[in-house]
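Before any comments, here is the structure.
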Amino acid sequence: MKQRYLPALTLALLCSLAVLAGCGKQDGNSAATAGNTEYVVGADGAYAPFASENEQKELVGFDVEIMQAVADKAGIKIRIVNTPFDGLFNALAQGDRDILISTITINDQRRQTMDFSEPYFVAKQLIVLPANSTVAKFDDLKSLKIGVQSATTADEAAQNLVGKNSPSVKRFESMPLAFQELEGGGVDAVVGDNGVVTNFVKNNPGKNFRIVNDPAFPKEYYGIAVKKGNAALLAKLNHALEQIKADGTQDRIYKKYFADEKL
């Protein structure tokens, strides 16, 4: 009798194991696994004051604090990982990152491959120049060498100005490298986001740089990005953003890093 029922029992055990194994599979939408509510967040750690590494190799900055505040309100656990900007979008698409927060400007091209939260920061491009430069506006850079961080909106603006494949545009992995090239005379100007540019020039007075604010540059809006179609996570983030705006948390963090600017 025992032998007669052994196949059925074995089959039941196998089915139970299969169900348990299925519960541990990822849903394909994120790096977060079932039973583990930790979301992996990508941020470029060479983009002070939004994200940079301290002496303990921890990421600190405006984006880092905003993301943590959002996570706290949303009731989710996060782990922020230093990720170079030019690899951010692939990391999200491949599922290595669940969320991106790294001064990412919301635009139609990026919306094709990812979904964005409501804006959390208003930005624009600025031009950094040697103090003795005669450049007065962005259009004056047409005959000059322009330094930008690769894959940024500054990169797009430079391409639109001088041509997509123009050798006049020099791309760098990070803004500090672009500023270093400007100091060494390898480029005539650097174009970048206002928060990063003003922070760098303010904290490096000995480099003798000046800033040009061209009104022709449009306003840009930063958003938190998630994988395309991840509506549930996006809804949590948007609700949490509303909360930190309403209770003054966002304003407090903003003033900590941008005391001289209006939110």
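Residues are referred to by chain and number: the chain letter is A, B, ... according to the order shown in the structure tokens, the number counts from 1 in that chain, and ligands are numbered separately from 1 in the order shown.
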
### Task
May I have all residues of segment 62-245 of chain A that DSSP, computed from the backbone, assigns to strand (DSSP E), given as a ChimeraX atom specification?
/A:77-82,99-100,114-116,121-123,125-130,146-149,169-172,189-193,209-212,220-222,225-227

Can you write just those residues out, C-alpha atoms, as a PDB file, in the first residue's frame?
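Written output follows (result21.pdb):
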```pdb
ATOM      1  CA  LYS A  77      13.967  50.584   2.393  1.00  0.00           C
ATOM      2  CA  ILE A  78      16.647  51.825  -0.005  1.00  0.00           C
ATOM      3  CA  ARG A  79      20.344  51.388  -0.642  1.00  0.00           C
ATOM      4  CA  ILE A  80      22.002  54.167  -2.647  1.00  0.00           C
ATOM      5  CA  VAL A  81      24.858  53.014  -4.878  1.00  0.00           C
ATOM      6  CA  ASN A  82      27.448  55.245  -6.541  1.00  0.00           C
ATOM      7  CA  ILE A  99      15.396  53.863  -8.814  1.00  0.00           C
ATOM      8  CA  LEU A 100      17.591  56.667 -10.143  1.00  0.00           C
ATOM      9  CA  MET A 114      11.811  55.249 -18.159  1.00  0.00           C
ATOM     10  CA  ASP A 115       9.111  56.819 -16.040  1.00  0.00           C
ATOM     11  CA  PHE A 116       9.610  59.943 -13.930  1.00  0.00           C
ATOM     12  CA  PHE A 121      14.255  70.509  -8.480  1.00  0.00           C
ATOM     13  CA  VAL A 122      14.299  73.308 -11.071  1.00  0.00           C
ATOM     14  CA  ALA A 123      17.606  73.805 -12.886  1.00  0.00           C
ATOM     15  CA  GLN A 125      22.595  75.307 -17.673  1.00  0.00           C
ATOM     16  CA  LEU A 126      25.438  77.711 -16.880  1.00  0.00           C
ATOM     17  CA  ILE A 127      28.736  78.400 -18.634  1.00  0.00           C
ATOM     18  CA  VAL A 128      32.035  78.291 -16.737  1.00  0.00           C
ATOM     19  CA  LEU A 129      34.943  80.256 -18.200  1.00  0.00           C
ATOM     20  CA  PRO A 130      38.407  81.530 -17.327  1.00  0.00           C
ATOM     21  CA  ILE A 146      33.339  73.009 -25.053  1.00  0.00           C
ATOM     22  CA  GLY A 147      33.651  70.621 -22.124  1.00  0.00           C
ATOM     23  CA  VAL A 148      30.581  68.700 -20.932  1.00  0.00           C
ATOM     24  CA  GLN A 149      29.732  65.628 -18.924  1.00  0.00           C
ATOM     25  CA  VAL A 169      32.752  69.027 -27.937  1.00  0.00           C
ATOM     26  CA  LYS A 170      34.886  67.183 -25.383  1.00  0.00           C
ATOM     27  CA  ARG A 171      32.999  64.748 -23.168  1.00  0.00           C
ATOM     28  CA  PHE A 172      34.038  63.690 -19.687  1.00  0.00           C
ATOM     29  CA  ALA A 189      34.448  76.598 -21.528  1.00  0.00           C
ATOM     30  CA  VAL A 190      32.461  74.070 -19.536  1.00  0.00           C
ATOM     31  CA  VAL A 191      28.679  73.869 -19.633  1.00  0.00           C
ATOM     32  CA  GLY A 192      26.798  72.223 -16.772  1.00  0.00           C
ATOM     33  CA  ASP A 193      23.884  72.305 -14.368  1.00  0.00           C
ATOM     34  CA  PHE A 209      36.729  80.994 -13.030  1.00  0.00           C
ATOM     35  CA  ARG A 210      33.672  83.063 -13.814  1.00  0.00           C
ATOM     36  CA  ILE A 211      30.094  82.082 -14.664  1.00  0.00           C
ATOM     37  CA  VAL A 212      27.885  83.222 -17.533  1.00  0.00           C
ATOM     38  CA  GLU A 220      14.973  72.047 -16.625  1.00  0.00           C
ATOM     39  CA  TYR A 221      13.183  69.851 -14.106  1.00  0.00           C
ATOM     40  CA  TYR A 222      14.813  66.966 -12.247  1.00  0.00           C
ATOM     41  CA  ALA A 225      13.320  57.746 -12.440  1.00  0.00           C
ATOM     42  CA  VAL A 226      11.992  54.190 -12.305  1.00  0.00           C
ATOM     43  CA  LYS A 227      11.789  51.452 -14.894  1.00  0.00           C
TER      44      LYS A 227
END
```

### Task
Could you give me the residues within segment 2-233 of chain A that DSSP places in alpha helix (DSSP H), as a PyMOL selection string?
chain A and resi 2-23+62-74+85-93+108-111+153-162+175-184+194-203+231-233

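Here the question is which of A:Pro49, A:Gly223, A:Gly184, A:Pro84 gets nearest to Asn238 of chain A using only C-alpha atoms, and that residue is A:Gly223.
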
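Closest approach to Gly75 of chain A from the set A:Thr37, A:Gln109, A:Thr103, A:Asn54 is made by A:Thr37, with distances taken over only C-alpha atoms.
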
### Query
Quick one: distance from atom CA of Ser102 of chain A to atom CA of Glu55 of chain A in Å, one decimal?
20.3 Å

#### Entry: Counting only C-alpha atoms, the residue of A:Thr113, A:Ser174, A:Asn194, A:Asn230 that sits nearest Asn213 of chain A
A:Asn194

### Contact residues around Ala71 of chain A with only C-alpha atoms at 10 Å, ignoring same-chain residues under 4 positions, as a PyMOL selection string
chain A and resi 39+65-67+75-78+236-237+240-241

Write out the residues from the selection above, keeping C-alpha atoms, as a PDB file, in the first residue's frame.
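Saved as again.pdb:
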```pdb
ATOM      1  CA  TYR A  39      15.329  49.082  -3.469  1.00  0.00           C
ATOM      2  CA  GLU A  65      18.844  63.424   1.467  1.00  0.00           C
ATOM      3  CA  ILE A  66      15.810  63.971  -0.770  1.00  0.00           C
ATOM      4  CA  MET A  67      15.787  60.285  -1.730  1.00  0.00           C
ATOM      5  CA  GLY A  75       7.833  53.331   3.964  1.00  0.00           C
ATOM      6  CA  ILE A  76      10.392  51.633   1.737  1.00  0.00           C
ATOM      7  CA  LYS A  77      13.967  50.584   2.393  1.00  0.00           C
ATOM      8  CA  ILE A  78      16.647  51.825  -0.005  1.00  0.00           C
ATOM      9  CA  LYS A 236       4.606  55.604  -3.854  1.00  0.00           C
ATOM     10  CA  LEU A 237       7.415  57.996  -4.755  1.00  0.00           C
ATOM     11  CA  ALA A 240       6.006  60.733  -0.689  1.00  0.00           C
ATOM     12  CA  LEU A 241       7.276  63.727  -2.681  1.00  0.00           C
TER      13      LEU A 241
END
```

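Among the candidate residues A:Asp139, A:Ala154, A:Val196, A:Arg97, the one lying nearest to Ser52 of chain A is A:Val196, with distances computed using only C-alpha atoms.
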
### Task
Show which residues sit within 6 Å of Phe85 of chain A, as an NGL selection string. Count only C-alpha atoms, and ignore same-chain residues fewer than 2 positions away.
:A and (44 or 87-88)

#### Entry: Minimum-distance residue to Asn203 of chain A, chosen among A:Ala48, A:Ile104, A:Ala235, A:Ala43 (using only C-alpha atoms)
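Once distances to Asn203 of chain A are computed over only C-alpha atoms, the minimum belongs to A:Ala48.
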
### Query
What is the atom CA of Thr105 of chain A-atom CA of Pro119 of chain A distance in Å, reported with one decimal?
8.9 Å

### Task
Check the smallest atom-to-atom distance from each of A:Ile106, A:Val187, A:Ala46, A:Ala232 to Met175 of chain A using only C-alpha atoms, then report the winner.
A:Ala46

### Task
Kindly give the distance, in Å, that separates atom CA of Phe50 of chain A and atom CA of Asp63 of chain A, rounded to a single decimal.
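Atom CA of Asp63 of chain A lies at a distance of 4.9 Å from atom CA of Phe50 of chain A.
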